[in-house]
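Enquirer: To be precise about what I am sending: the file is called input_25.cif and holds mmCIF, C-alpha atoms and all ligand atoms.
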data_target
loop_
_atom_site.group_PDB
_atom_site.id
_atom_site.type_symbol
_atom_site.label_atom_id
_atom_site.label_comp_id
_atom_site.auth_asym_id
_atom_site.auth_seq_id
_atom_site.Cartn_x
_atom_site.Cartn_y
_atom_site.Cartn_z
ATOM 1 C CA MET A 1 -20.022 22.669 12.780
ATOM 2 C CA SER A 2 -18.921 21.201 9.453
ATOM 3 C CA ASP A 3 -15.448 21.873 8.042
ATOM 4 C CA GLY A 4 -16.927 21.497 4.553
ATOM 5 C CA ALA A 5 -15.307 19.647 1.687
ATOM 6 C CA PHE A 6 -11.907 18.063 2.335
ATOM 7 C CA PRO A 7 -9.153 20.301 0.855
ATOM 8 C CA ALA A 8 -7.901 17.568 -1.430
ATOM 9 C CA ALA A 9 -5.790 19.910 -3.549
ATOM 10 C CA HIS A 10 -3.157 20.260 -0.799
ATOM 11 C CA PHE A 11 -2.399 16.545 -0.977
ATOM 12 C CA ALA A 12 -2.990 16.099 -4.695
ATOM 13 C CA ALA A 13 -0.298 18.697 -5.390
ATOM 14 C CA ARG A 14 2.116 16.544 -3.376
ATOM 15 C CA GLY A 15 1.339 13.349 -5.247
ATOM 16 C CA LEU A 16 -1.155 12.033 -2.698
ATOM 17 C CA ASN A 17 -3.927 11.992 -5.238
ATOM 18 C CA ARG A 18 -6.269 9.533 -3.536
ATOM 19 C CA GLN A 19 -8.048 10.611 -0.356
ATOM 20 C CA HIS A 20 -10.986 9.248 1.583
ATOM 21 C CA VAL A 21 -12.528 10.827 4.682
ATOM 22 C CA PHE A 22 -14.370 8.477 7.061
ATOM 23 C CA ASN A 23 -16.405 9.400 10.123
ATOM 24 C CA ILE A 24 -14.883 7.220 12.808
ATOM 25 C CA ASN A 25 -18.275 6.441 14.320
ATOM 26 C CA GLU A 26 -19.303 4.815 11.042
ATOM 27 C CA LEU A 27 -16.283 2.503 10.773
ATOM 28 C CA PRO A 28 -16.455 -1.176 11.776
ATOM 29 C CA ALA A 29 -14.993 -1.902 15.198
ATOM 30 C CA ALA A 30 -12.490 -4.319 13.631
ATOM 31 C CA ILE A 31 -10.887 -1.452 11.701
ATOM 32 C CA LEU A 32 -10.393 0.572 14.859
ATOM 33 C CA ALA A 33 -9.185 -2.284 17.058
ATOM 34 C CA GLY A 34 -5.685 -1.561 18.259
ATOM 35 C CA LEU A 35 -5.730 2.136 17.346
ATOM 36 C CA GLU A 36 -6.676 3.239 20.882
ATOM 37 C CA ARG A 37 -8.935 5.990 19.644
ATOM 38 C CA ARG A 38 -8.845 9.216 21.643
ATOM 39 C CA PRO A 39 -12.049 11.120 22.536
ATOM 40 C CA ALA A 40 -11.313 14.137 20.312
ATOM 41 C CA GLU A 41 -10.753 12.015 17.200
ATOM 42 C CA ARG A 42 -13.826 12.175 14.997
ATOM 43 C CA GLN A 43 -12.497 11.305 11.549
ATOM 44 C CA LEU A 44 -10.062 8.930 9.876
ATOM 45 C CA ILE A 45 -8.476 10.165 6.649
ATOM 46 C CA LEU A 46 -6.941 7.627 4.290
ATOM 47 C CA LEU A 47 -4.346 9.016 1.879
ATOM 48 C CA GLY A 48 -2.991 7.134 -1.084
ATOM 49 C CA HIS A 49 -1.108 7.701 -4.261
ATOM 50 C CA ALA A 50 -1.776 6.415 -7.755
ATOM 51 C CA GLY A 51 0.495 6.539 -10.762
ATOM 52 C CA ARG A 52 3.865 8.256 -11.013
ATOM 53 C CA GLN A 53 3.300 11.699 -9.538
ATOM 54 C CA LEU A 54 4.215 10.916 -5.934
ATOM 55 C CA TRP A 55 7.635 9.551 -6.849
ATOM 56 C CA ASP A 56 8.227 12.598 -9.056
ATOM 57 C CA CYS A 57 7.406 14.829 -6.061
ATOM 58 C CA VAL A 58 9.730 12.878 -3.759
ATOM 59 C CA GLN A 59 12.552 13.084 -6.298
ATOM 60 C CA ALA A 60 11.987 16.794 -6.892
ATOM 61 C CA ALA A 61 12.074 17.468 -3.145
ATOM 62 C CA GLY A 62 15.480 15.779 -2.939
ATOM 63 C CA ILE A 63 14.481 13.819 0.148
ATOM 64 C CA ARG A 64 17.261 11.535 1.320
ATOM 65 C CA GLY A 65 17.189 8.756 3.880
ATOM 66 C CA GLU A 66 15.927 5.225 4.036
ATOM 67 C CA HIS A 67 12.204 5.980 3.720
ATOM 68 C CA PRO A 68 11.824 9.063 1.522
ATOM 69 C CA ILE A 69 8.185 8.364 0.577
ATOM 70 C CA ASP A 70 7.103 8.049 4.197
ATOM 71 C CA ASP A 71 9.052 11.189 5.105
ATOM 72 C CA HIS A 72 7.403 13.097 2.259
ATOM 73 C CA CYS A 73 3.929 11.962 3.326
ATOM 74 C CA ARG A 74 4.493 12.849 6.983
ATOM 75 C CA GLN A 75 5.647 16.312 5.907
ATOM 76 C CA ALA A 76 2.567 16.751 3.698
ATOM 77 C CA VAL A 77 0.310 15.999 6.669
ATOM 78 C CA THR A 78 2.300 18.234 9.026
ATOM 79 C CA ASP A 79 2.103 21.117 6.541
ATOM 80 C CA PHE A 80 -1.619 20.544 6.012
ATOM 81 C CA PHE A 81 -2.542 20.938 9.651
ATOM 82 C CA ALA A 82 -0.066 23.748 10.251
ATOM 83 C CA GLU A 83 -1.394 25.745 7.308
ATOM 84 C CA HIS A 84 -5.117 24.975 7.453
ATOM 85 C CA PHE A 85 -6.094 23.617 10.896
ATOM 86 C CA PRO A 86 -3.385 24.520 13.403
ATOM 87 C CA ASP A 87 -5.670 24.085 16.403
ATOM 88 C CA ARG A 88 -6.859 20.545 15.560
ATOM 89 C CA PRO A 89 -5.316 17.533 17.254
ATOM 90 C CA TYR A 90 -4.226 14.786 14.877
ATOM 91 C CA ARG A 91 -1.914 11.805 14.775
ATOM 92 C CA LEU A 92 -0.576 9.421 12.173
ATOM 93 C CA PRO A 93 -0.973 5.711 12.975
ATOM 94 C CA TYR A 94 0.438 5.054 9.494
ATOM 95 C CA PRO A 95 3.213 5.270 8.389
ATOM 96 C CA GLY A 96 4.052 3.459 11.604
ATOM 97 C CA ASP A 97 3.659 0.243 13.482
ATOM 98 C CA ALA A 98 0.030 0.529 14.601
ATOM 99 C CA PRO A 99 -2.029 -2.546 13.737
ATOM 100 C CA LEU A 100 -4.121 -1.369 10.816
ATOM 101 C CA GLY A 101 -5.899 -3.170 8.008
ATOM 102 C CA LEU A 102 -5.041 -0.943 5.062
ATOM 103 C CA GLN A 103 -6.693 -3.189 2.483
ATOM 104 C CA ALA A 104 -9.808 -3.349 4.660
ATOM 105 C CA LEU A 105 -9.901 0.456 4.651
ATOM 106 C CA GLY A 106 -9.238 0.429 0.914
ATOM 107 C CA THR A 107 -12.176 -1.908 0.436
ATOM 108 C CA LEU A 108 -14.467 0.455 2.346
ATOM 109 C CA ALA A 109 -13.231 3.362 0.193
ATOM 110 C CA GLY A 110 -13.871 1.358 -2.994
ATOM 111 C CA TRP A 111 -10.180 1.255 -3.903
ATOM 112 C CA HIS A 112 -9.262 -2.357 -3.199
ATOM 113 C CA HIS A 113 -10.079 -5.455 -5.224
ATOM 114 C CA THR A 114 -8.132 -8.653 -4.674
ATOM 115 C CA SER A 115 -5.747 -9.727 -7.444
ATOM 116 C CA PRO A 116 -4.008 -13.094 -7.966
ATOM 117 C CA PHE A 117 -0.713 -11.518 -6.823
ATOM 118 C CA MET A 118 -1.997 -10.168 -3.514
ATOM 119 C CA ILE A 119 -1.723 -6.457 -4.375
ATOM 120 C CA GLY A 120 -5.052 -4.651 -4.838
ATOM 121 C CA VAL A 121 -6.242 -3.645 -8.312
ATOM 122 C CA ASP A 122 -8.976 -1.630 -9.973
ATOM 123 C CA ARG A 123 -10.015 -0.998 -13.544
ATOM 124 C CA HIS A 124 -8.536 2.495 -13.764
ATOM 125 C CA TRP A 125 -5.176 2.364 -11.977
ATOM 126 C CA GLY A 126 -4.529 -1.369 -12.241
ATOM 127 C CA SER A 127 -2.228 -2.222 -9.331
ATOM 128 C CA TRP A 128 -0.332 1.066 -9.545
ATOM 129 C CA PHE A 129 -1.591 2.663 -6.376
ATOM 130 C CA ALA A 130 -0.771 2.330 -2.687
ATOM 131 C CA TYR A 131 -1.791 3.425 0.790
ATOM 132 C CA ARG A 132 0.446 6.155 2.116
ATOM 133 C CA ALA A 133 -0.993 7.626 5.309
ATOM 134 C CA VAL A 134 -3.798 7.225 7.817
ATOM 135 C CA ILE A 135 -4.706 10.252 9.928
ATOM 136 C CA LEU A 136 -6.889 10.240 13.030
ATOM 137 C CA CYS A 137 -8.049 13.771 13.677
ATOM 138 C CA ALA A 138 -10.520 16.159 15.315
ATOM 139 C CA THR A 139 -12.119 17.340 12.087
ATOM 140 C CA ASP A 140 -15.609 17.434 10.573
ATOM 141 C CA PHE A 141 -15.073 17.283 6.814
ATOM 142 C CA ASP A 142 -17.803 15.992 4.546
ATOM 143 C CA PRO A 143 -17.303 12.211 4.346
ATOM 144 C CA THR A 144 -16.017 11.094 0.939
ATOM 145 C CA PRO A 145 -18.377 9.172 -1.354
ATOM 146 C CA ILE A 146 -17.096 5.740 -2.382
ATOM 147 C CA VAL A 147 -15.072 5.829 -5.623
ATOM 148 C CA ASP A 148 -15.002 2.293 -7.031
ATOM 149 C CA TYR A 149 -13.661 1.685 -10.536
ATOM 150 C CA GLY A 150 -14.441 -2.025 -10.262
ATOM 151 C CA ASN A 151 -12.515 -5.280 -10.292
ATOM 152 C CA PRO A 152 -10.791 -5.972 -13.644
ATOM 153 C CA CYS A 153 -10.028 -9.577 -12.682
ATOM 154 C CA LEU A 154 -13.686 -10.568 -12.907
ATOM 155 C CA ASP A 155 -13.643 -10.619 -16.707
ATOM 156 C CA CYS A 156 -9.920 -11.227 -17.366
ATOM 157 C CA ARG A 157 -9.854 -14.614 -19.083
ATOM 158 C CA ALA A 158 -6.187 -14.691 -20.142
ATOM 159 C CA GLN A 159 -4.859 -13.914 -16.635
ATOM 160 C CA PRO A 160 -1.311 -13.145 -17.840
ATOM 161 C CA CYS A 161 -0.305 -12.323 -14.280
ATOM 162 C CA ILE A 162 -0.608 -15.967 -13.262
ATOM 163 C CA ALA A 163 1.410 -17.212 -16.227
ATOM 164 C CA ALA A 164 4.157 -14.664 -15.510
ATOM 165 C CA CYS A 165 4.779 -15.770 -11.924
ATOM 166 C CA PRO A 166 7.864 -18.019 -11.949
ATOM 167 C CA ALA A 167 7.012 -19.576 -8.585
ATOM 168 C CA GLY A 168 3.405 -20.507 -9.232
ATOM 169 C CA ALA A 169 2.556 -18.268 -6.295
ATOM 170 C CA ALA A 170 0.047 -16.023 -8.084
ATOM 171 C CA GLY A 171 -3.478 -17.370 -8.091
ATOM 172 C CA THR A 172 -6.255 -18.233 -5.699
ATOM 173 C CA PRO A 173 -5.216 -18.742 -3.025
ATOM 174 C CA PHE A 174 -2.043 -16.711 -3.244
ATOM 175 C CA LYS A 175 0.909 -18.844 -2.095
ATOM 176 C CA LEU A 176 2.754 -16.507 0.214
ATOM 177 C CA ASN A 177 5.599 -18.829 1.127
ATOM 178 C CA ALA A 178 6.237 -19.765 -2.502
ATOM 179 C CA CYS A 179 6.481 -16.080 -3.353
ATOM 180 C CA ALA A 180 8.826 -15.417 -0.440
ATOM 181 C CA ASP A 181 11.034 -18.373 -1.377
ATOM 182 C CA GLU A 182 11.247 -17.144 -4.962
ATOM 183 C CA ARG A 183 12.089 -13.599 -3.998
ATOM 184 C CA LEU A 184 14.878 -14.772 -1.722
ATOM 185 C CA ARG A 185 16.333 -17.169 -4.286
ATOM 186 C CA PRO A 186 19.687 -15.905 -5.568
ATOM 187 C CA GLY A 187 19.219 -14.480 -9.057
ATOM 188 C CA SER A 188 15.433 -14.335 -8.803
ATOM 189 C CA PRO A 189 13.735 -11.914 -11.231
ATOM 190 C CA CYS A 190 11.319 -11.150 -8.378
ATOM 191 C CA ALA A 191 13.889 -9.743 -5.968
ATOM 192 C CA TYR A 192 13.234 -6.202 -7.111
ATOM 193 C CA GLY A 193 9.898 -6.433 -8.918
ATOM 194 C CA CYS A 194 6.849 -8.662 -9.222
ATOM 195 C CA GLN A 195 6.636 -10.293 -12.652
ATOM 196 C CA ALA A 196 2.923 -10.960 -12.197
ATOM 197 C CA ARG A 197 2.238 -7.317 -11.439
ATOM 198 C CA ASN A 198 4.248 -6.224 -14.455
ATOM 199 C CA ALA A 199 2.306 -8.594 -16.702
ATOM 200 C CA CYS A 200 -1.129 -7.194 -15.846
ATOM 201 C CA PRO A 201 -2.192 -4.903 -18.705
ATOM 202 C CA VAL A 202 -4.718 -2.942 -16.648
ATOM 203 C CA GLY A 203 -3.637 0.590 -15.791
ATOM 204 C CA ALA A 204 -0.327 0.110 -17.631
ATOM 205 C CA ALA A 205 -0.185 3.834 -18.428
ATOM 206 C CA HIS A 206 0.155 4.459 -14.681
ATOM 207 C CA ARG A 207 2.980 1.987 -14.104
ATOM 208 C CA TYR A 208 5.570 3.281 -11.646
ATOM 209 C CA ASP A 209 8.981 4.425 -12.760
ATOM 210 C CA GLU A 210 11.544 1.592 -12.557
ATOM 211 C CA SER A 211 13.432 3.409 -9.805
ATOM 212 C CA GLN A 212 10.297 3.523 -7.652
ATOM 213 C CA ILE A 213 9.586 -0.166 -8.202
ATOM 214 C CA ARG A 214 13.149 -1.071 -7.284
ATOM 215 C CA HIS A 215 13.072 1.177 -4.218
ATOM 216 C CA SER A 216 9.839 -0.346 -2.896
ATOM 217 C CA PHE A 217 10.873 -3.922 -3.548
ATOM 218 C CA ALA A 218 14.310 -3.396 -2.045
ATOM 219 C CA GLN A 219 12.601 -2.344 1.186
ATOM 220 C CA SER A 220 10.260 -5.317 1.221
ATOM 221 C CA LEU A 221 13.121 -7.678 0.349
ATOM 222 C CA ALA A 222 15.112 -6.387 3.307
ATOM 223 C CA MET A 223 12.118 -7.038 5.578
ATOM 224 C CA LEU A 224 11.713 -10.470 4.086
ATOM 225 C CA ARG A 225 15.351 -11.305 4.751
ATOM 226 C CA GLN A 226 14.960 -10.096 8.301
ATOM 227 C CA TRP A 227 11.923 -12.284 8.922
ATOM 228 C CA ARG A 228 13.559 -15.285 7.364
ATOM 229 C CA GLN A 229 16.910 -14.320 8.928
ATOM 230 C CA VAL A 230 18.742 -15.029 5.683
ATOM 231 C CA PRO A 231 22.073 -13.321 5.037
ATOM 232 C CA THR A 232 22.349 -11.710 1.599
ATOM 233 C CA GLY A 233 23.086 -14.329 -1.083
ATOM 234 C CA ARG A 234 22.002 -17.416 0.876
ATOM 235 C CA THR A 235 19.024 -19.733 0.288
ATOM 236 C CA PRO A 236 16.264 -19.246 2.900
ATOM 237 C CA ASP A 237 14.706 -21.636 5.316
ATOM 238 C CA SER A 238 11.061 -21.598 4.226
ATOM 239 C CA ALA A 239 9.692 -22.704 7.588
ATOM 240 C CA SER A 240 8.920 -19.191 8.833
ATOM 241 C CA GLN A 241 6.175 -17.164 7.197
ATOM 242 C CA PRO A 242 6.817 -13.503 6.386
ATOM 243 C CA ARG A 243 4.284 -10.803 7.166
ATOM 244 C CA THR A 244 4.639 -9.382 3.673
ATOM 245 C CA THR A 245 6.560 -10.042 0.504
ATOM 246 C CA ARG A 246 6.459 -6.607 -1.112
HETATM 247 S S1 LIG B 1 -3.835 -9.821 -15.460
HETATM 248 FE FE1 LIG B 1 -6.057 -10.087 -15.303
HETATM 249 S S2 LIG B 1 -6.368 -11.464 -13.523
HETATM 250 FE FE2 LIG B 1 -4.269 -10.649 -13.395
HETATM 251 S S3 LIG B 1 -4.457 -8.836 -12.065
HETATM 252 FE FE3 LIG B 1 -4.621 -8.124 -14.190
HETATM 253 S S4 LIG B 1 -6.825 -8.097 -14.592
HETATM 254 FE FE4 LIG B 1 -6.525 -9.355 -12.763
HETATM 255 S S1 LIG B 2 6.919 -11.462 -6.661
HETATM 256 FE FE1 LIG B 2 7.388 -13.118 -8.130
HETATM 257 S S2 LIG B 2 6.851 -15.001 -7.030
HETATM 258 FE FE2 LIG B 2 5.844 -13.314 -5.969
HETATM 259 S S3 LIG B 2 3.797 -13.166 -6.908
HETATM 260 FE FE3 LIG B 2 5.137 -11.716 -7.992
HETATM 261 S S4 LIG B 2 5.862 -12.900 -9.764
HETATM 262 FE FE4 LIG B 2 5.083 -14.395 -8.271
#
Write out the structure in this file as structure tokens.
Ligand code: SF4
Ligand code: SF4
Expert:
Amino acid sequence: MSDGAFPAAHFAARGLNRQHVFNINELPAAILAGLERRPAERQLILLGHAGRQLWDCVQAAGIRGEHPIDDHCRQAVTDFFAEHFPDRPYRLPYPGDAPLGLQALGTLAGWHHTSPFMIGVDRHWGSWFAYRAVILCATDFDPTPIVDYGNPCLDCRAQPCIAACPAGAAGTPFKLNACADERLRPGSPCAYGCQARNACPVGAAHRYDESQIRHSFAQSLAMLRQWRQVPTGRTPDSASQPRTTR
């Protein structure tokens, strides 16, 4: 029996204003590899945020700790099932360590288009959106139609993002190690924000608050230092490749 339309308002009110419901049986095997799907799990729900609202919600909730956005999102999911579907099994592979291709899921949802600076973009939000949670659950909501605002890079001749990158990392292909080296360089303007991302004019009205940008980049910089095993303030050894630079 169908559960009807996905109750998007619960998540939208908490700043998780992008949602996509997939039937697991219709997803490519590569997406599910490593998730160890359980028999009761019939749907995968991708939650994202776009624009400033999520950070406003996190700030208003006064959430402390190292990962306040993740904590807020986990709580939103917990509250959703407790309030609306208390008898349905569910689990959250993300946030977490499960191997999961978020951009591959975003592509299937119509959200993701590749940019010269590695972060996904679209014509409406620019790069100011992100994946926040993936739920595997025993539900039967109506699957979400694809919402695709299109790729703004296809007709962007000026490409100010590429010119703004001080390391020459932005472009095709994206130079991951050059970006990592730049971000770890003492005094780099990229330590706590991507200059290429800031230079893209698309979706500028939805640009994150500075405190959110700094928070997110501080986390990715800490991971980068860990992978490169560079103490704060020292120049990195560029031989090892980081998993991410954001
Ligand atoms: S500046 Fe142009 S090429 Fe760069 S991400 Fe934005 S739309 Fe794409
Ligand atoms: S973080 Fe800096 S080096 Fe990396 S892509 Fe952005 S502008 Fe270029």
Enquirer: Once you count all atoms listed in the file, which residues end up within 6 Å of ligand LIG 1 (chain B), and could you hand them over as a PyMOL selection string?
Expert: chain A and resi 115-116+152-153+156+159-161+200+202
Enquirer: In Å, with one decimal, what is the gap from CA of Ser188 (chain A) to CA of Val121 (chain A)?
Expert: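 That distance, rounded to one decimal, is 24.2 Å.
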Enquirer: Hey, which of A:Cys137, A:Ala180, A:Val147, A:Leu224 ends up closest to Arg88 (chain A)? Count all atoms listed in the file.
Expert: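 Ranked by minimum distance to Arg88 (chain A), first place goes to A:Cys137.
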Enquirer: Edge lengths and centre in Å to one decimal, as AutoDock Vina command-line options, of the axis-aligned box that encloses all listed atoms of ligand LIG 2 (chain B) with 5 Å added on every side?
Expert:
--center_x 5.6 --center_y -13.2 --center_z -7.9 --size_x 13.6 --size_y 13.5 --size_z 13.8
Enquirer: Using all atoms listed in the file, which residues have at least one atom no more than 10 Å from ligand LIG 2 (chain B)? Output them as a ChimeraX atom specification.
Expert: /A:116-119,161-171,174-184,188-199,217,245-246
Enquirer: Would you output that residue set with C-alpha atoms, as a PDB file, in the coordinates of the input?
Expert:
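Final output, again-v3.pdb:
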ATOM      1  CA  PRO A 116      -4.008 -13.094  -7.966  1.00  0.00           C
ATOM      2  CA  PHE A 117      -0.713 -11.518  -6.823  1.00  0.00           C
ATOM      3  CA  MET A 118      -1.997 -10.168  -3.514  1.00  0.00           C
ATOM      4  CA  ILE A 119      -1.723  -6.457  -4.375  1.00  0.00           C
ATOM      5  CA  CYS A 161      -0.305 -12.323 -14.280  1.00  0.00           C
ATOM      6  CA  ILE A 162      -0.608 -15.967 -13.262  1.00  0.00           C
ATOM      7  CA  ALA A 163       1.410 -17.212 -16.227  1.00  0.00           C
ATOM      8  CA  ALA A 164       4.157 -14.664 -15.510  1.00  0.00           C
ATOM      9  CA  CYS A 165       4.779 -15.770 -11.924  1.00  0.00           C
ATOM     10  CA  PRO A 166       7.864 -18.019 -11.949  1.00  0.00           C
ATOM     11  CA  ALA A 167       7.012 -19.576  -8.585  1.00  0.00           C
ATOM     12  CA  GLY A 168       3.405 -20.507  -9.232  1.00  0.00           C
ATOM     13  CA  ALA A 169       2.556 -18.268  -6.295  1.00  0.00           C
ATOM     14  CA  ALA A 170       0.047 -16.023  -8.084  1.00  0.00           C
ATOM     15  CA  GLY A 171      -3.478 -17.370  -8.091  1.00  0.00           C
ATOM     16  CA  PHE A 174      -2.043 -16.711  -3.244  1.00  0.00           C
ATOM     17  CA  LYS A 175       0.909 -18.844  -2.095  1.00  0.00           C
ATOM     18  CA  LEU A 176       2.754 -16.507   0.214  1.00  0.00           C
ATOM     19  CA  ASN A 177       5.599 -18.829   1.127  1.00  0.00           C
ATOM     20  CA  ALA A 178       6.237 -19.765  -2.502  1.00  0.00           C
ATOM     21  CA  CYS A 179       6.481 -16.080  -3.353  1.00  0.00           C
ATOM     22  CA  ALA A 180       8.826 -15.417  -0.440  1.00  0.00           C
ATOM     23  CA  ASP A 181      11.034 -18.373  -1.377  1.00  0.00           C
ATOM     24  CA  GLU A 182      11.247 -17.144  -4.962  1.00  0.00           C
ATOM     25  CA  ARG A 183      12.089 -13.599  -3.998  1.00  0.00           C
ATOM     26  CA  LEU A 184      14.878 -14.772  -1.722  1.00  0.00           C
ATOM     27  CA  SER A 188      15.433 -14.335  -8.803  1.00  0.00           C
ATOM     28  CA  PRO A 189      13.735 -11.914 -11.231  1.00  0.00           C
ATOM     29  CA  CYS A 190      11.319 -11.150  -8.378  1.00  0.00           C
ATOM     30  CA  ALA A 191      13.889  -9.743  -5.968  1.00  0.00           C
ATOM     31  CA  TYR A 192      13.234  -6.202  -7.111  1.00  0.00           C
ATOM     32  CA  GLY A 193       9.898  -6.433  -8.918  1.00  0.00           C
ATOM     33  CA  CYS A 194       6.849  -8.662  -9.222  1.00  0.00           C
ATOM     34  CA  GLN A 195       6.636 -10.293 -12.652  1.00  0.00           C
ATOM     35  CA  ALA A 196       2.923 -10.960 -12.197  1.00  0.00           C
ATOM     36  CA  ARG A 197       2.238  -7.317 -11.439  1.00  0.00           C
ATOM     37  CA  ASN A 198       4.248  -6.224 -14.455  1.00  0.00           C
ATOM     38  CA  ALA A 199       2.306  -8.594 -16.702  1.00  0.00           C
ATOM     39  CA  PHE A 217      10.873  -3.922  -3.548  1.00  0.00           C
ATOM     40  CA  THR A 245       6.560 -10.042   0.504  1.00  0.00           C
ATOM     41  CA  ARG A 246       6.459  -6.607  -1.112  1.00  0.00           C
TER      42      ARG A 246
END
Enquirer: Which is closer to Trp128 (chain A) than all the others in A:Ala204, A:Leu44, A:Ala29, A:Ala5, using all atoms listed in the file?
Expert: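 For Trp128 (chain A), the nearest of the given residues is A:Ala204.
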Enquirer: Please output region 94-111 of chain A, rebuilt to include N, CA and C atoms, as a PDB file, keeping the file's coordinate frame.
Expert:
ATOM      1  N   TYR A  94      -0.291   5.600  10.637  1.00  0.00           N
ATOM      2  CA  TYR A  94       0.438   5.054   9.494  1.00  0.00           C
ATOM      3  C   TYR A  94       0.887   6.208   8.596  1.00  0.00           C
ATOM      4  N   PRO A  95       2.188   6.273   8.207  1.00  0.00           N
ATOM      5  CA  PRO A  95       3.213   5.270   8.389  1.00  0.00           C
ATOM      6  C   PRO A  95       3.535   5.059   9.868  1.00  0.00           C
ATOM      7  N   GLY A  96       3.736   3.810  10.229  1.00  0.00           N
ATOM      8  CA  GLY A  96       4.052   3.459  11.604  1.00  0.00           C
ATOM      9  C   GLY A  96       3.730   2.008  11.852  1.00  0.00           C
ATOM     10  N   ASP A  97       3.791   1.650  13.123  1.00  0.00           N
ATOM     11  CA  ASP A  97       3.659   0.243  13.482  1.00  0.00           C
ATOM     12  C   ASP A  97       2.277  -0.123  14.013  1.00  0.00           C
ATOM     13  N   ALA A  98       1.351   0.832  14.042  1.00  0.00           N
ATOM     14  CA  ALA A  98       0.030   0.529  14.601  1.00  0.00           C
ATOM     15  C   ALA A  98      -0.642  -0.579  13.792  1.00  0.00           C
ATOM     16  N   PRO A  99      -1.325  -1.489  14.472  1.00  0.00           N
ATOM     17  CA  PRO A  99      -2.029  -2.546  13.737  1.00  0.00           C
ATOM     18  C   PRO A  99      -3.193  -1.950  12.960  1.00  0.00           C
ATOM     19  N   LEU A 100      -3.146  -2.065  11.657  1.00  0.00           N
ATOM     20  CA  LEU A 100      -4.121  -1.369  10.816  1.00  0.00           C
ATOM     21  C   LEU A 100      -4.342  -2.163   9.541  1.00  0.00           C
ATOM     22  N   GLY A 101      -5.583  -2.443   9.222  1.00  0.00           N
ATOM     23  CA  GLY A 101      -5.899  -3.170   8.008  1.00  0.00           C
ATOM     24  C   GLY A 101      -6.068  -2.208   6.842  1.00  0.00           C
ATOM     25  N   LEU A 102      -4.975  -1.924   6.149  1.00  0.00           N
ATOM     26  CA  LEU A 102      -5.041  -0.943   5.062  1.00  0.00           C
ATOM     27  C   LEU A 102      -5.939  -1.417   3.926  1.00  0.00           C
ATOM     28  N   GLN A 103      -5.845  -2.698   3.574  1.00  0.00           N
ATOM     29  CA  GLN A 103      -6.693  -3.189   2.483  1.00  0.00           C
ATOM     30  C   GLN A 103      -8.165  -3.210   2.903  1.00  0.00           C
ATOM     31  N   ALA A 104      -8.423  -3.418   4.188  1.00  0.00           N
ATOM     32  CA  ALA A 104      -9.808  -3.349   4.660  1.00  0.00           C
ATOM     33  C   ALA A 104     -10.333  -1.924   4.520  1.00  0.00           C
ATOM     34  N   LEU A 105      -9.509  -0.945   4.852  1.00  0.00           N
ATOM     35  CA  LEU A 105      -9.901   0.456   4.651  1.00  0.00           C
ATOM     36  C   LEU A 105     -10.078   0.747   3.163  1.00  0.00           C
ATOM     37  N   GLY A 106      -9.149   0.229   2.361  1.00  0.00           N
ATOM     38  CA  GLY A 106      -9.238   0.429   0.914  1.00  0.00           C
ATOM     39  C   GLY A 106     -10.515  -0.176   0.338  1.00  0.00           C
ATOM     40  N   THR A 107     -10.925  -1.287   0.886  1.00  0.00           N
ATOM     41  CA  THR A 107     -12.176  -1.908   0.436  1.00  0.00           C
ATOM     42  C   THR A 107     -13.367  -1.007   0.760  1.00  0.00           C
ATOM     43  N   LEU A 108     -13.368  -0.444   1.963  1.00  0.00           N
ATOM     44  CA  LEU A 108     -14.467   0.455   2.346  1.00  0.00           C
ATOM     45  C   LEU A 108     -14.493   1.713   1.471  1.00  0.00           C
ATOM     46  N   ALA A 109     -13.311   2.169   1.046  1.00  0.00           N
ATOM     47  CA  ALA A 109     -13.231   3.362   0.193  1.00  0.00           C
ATOM     48  C   ALA A 109     -13.585   3.052  -1.259  1.00  0.00           C
ATOM     49  N   GLY A 110     -13.610   1.756  -1.612  1.00  0.00           N
ATOM     50  CA  GLY A 110     -13.871   1.358  -2.994  1.00  0.00           C
ATOM     51  C   GLY A 110     -12.608   1.179  -3.808  1.00  0.00           C
ATOM     52  N   TRP A 111     -11.442   1.311  -3.165  1.00  0.00           N
ATOM     53  CA  TRP A 111     -10.180   1.255  -3.903  1.00  0.00           C
ATOM     54  C   TRP A 111      -9.701  -0.171  -4.148  1.00  0.00           C
TER      55      TRP A 111
END
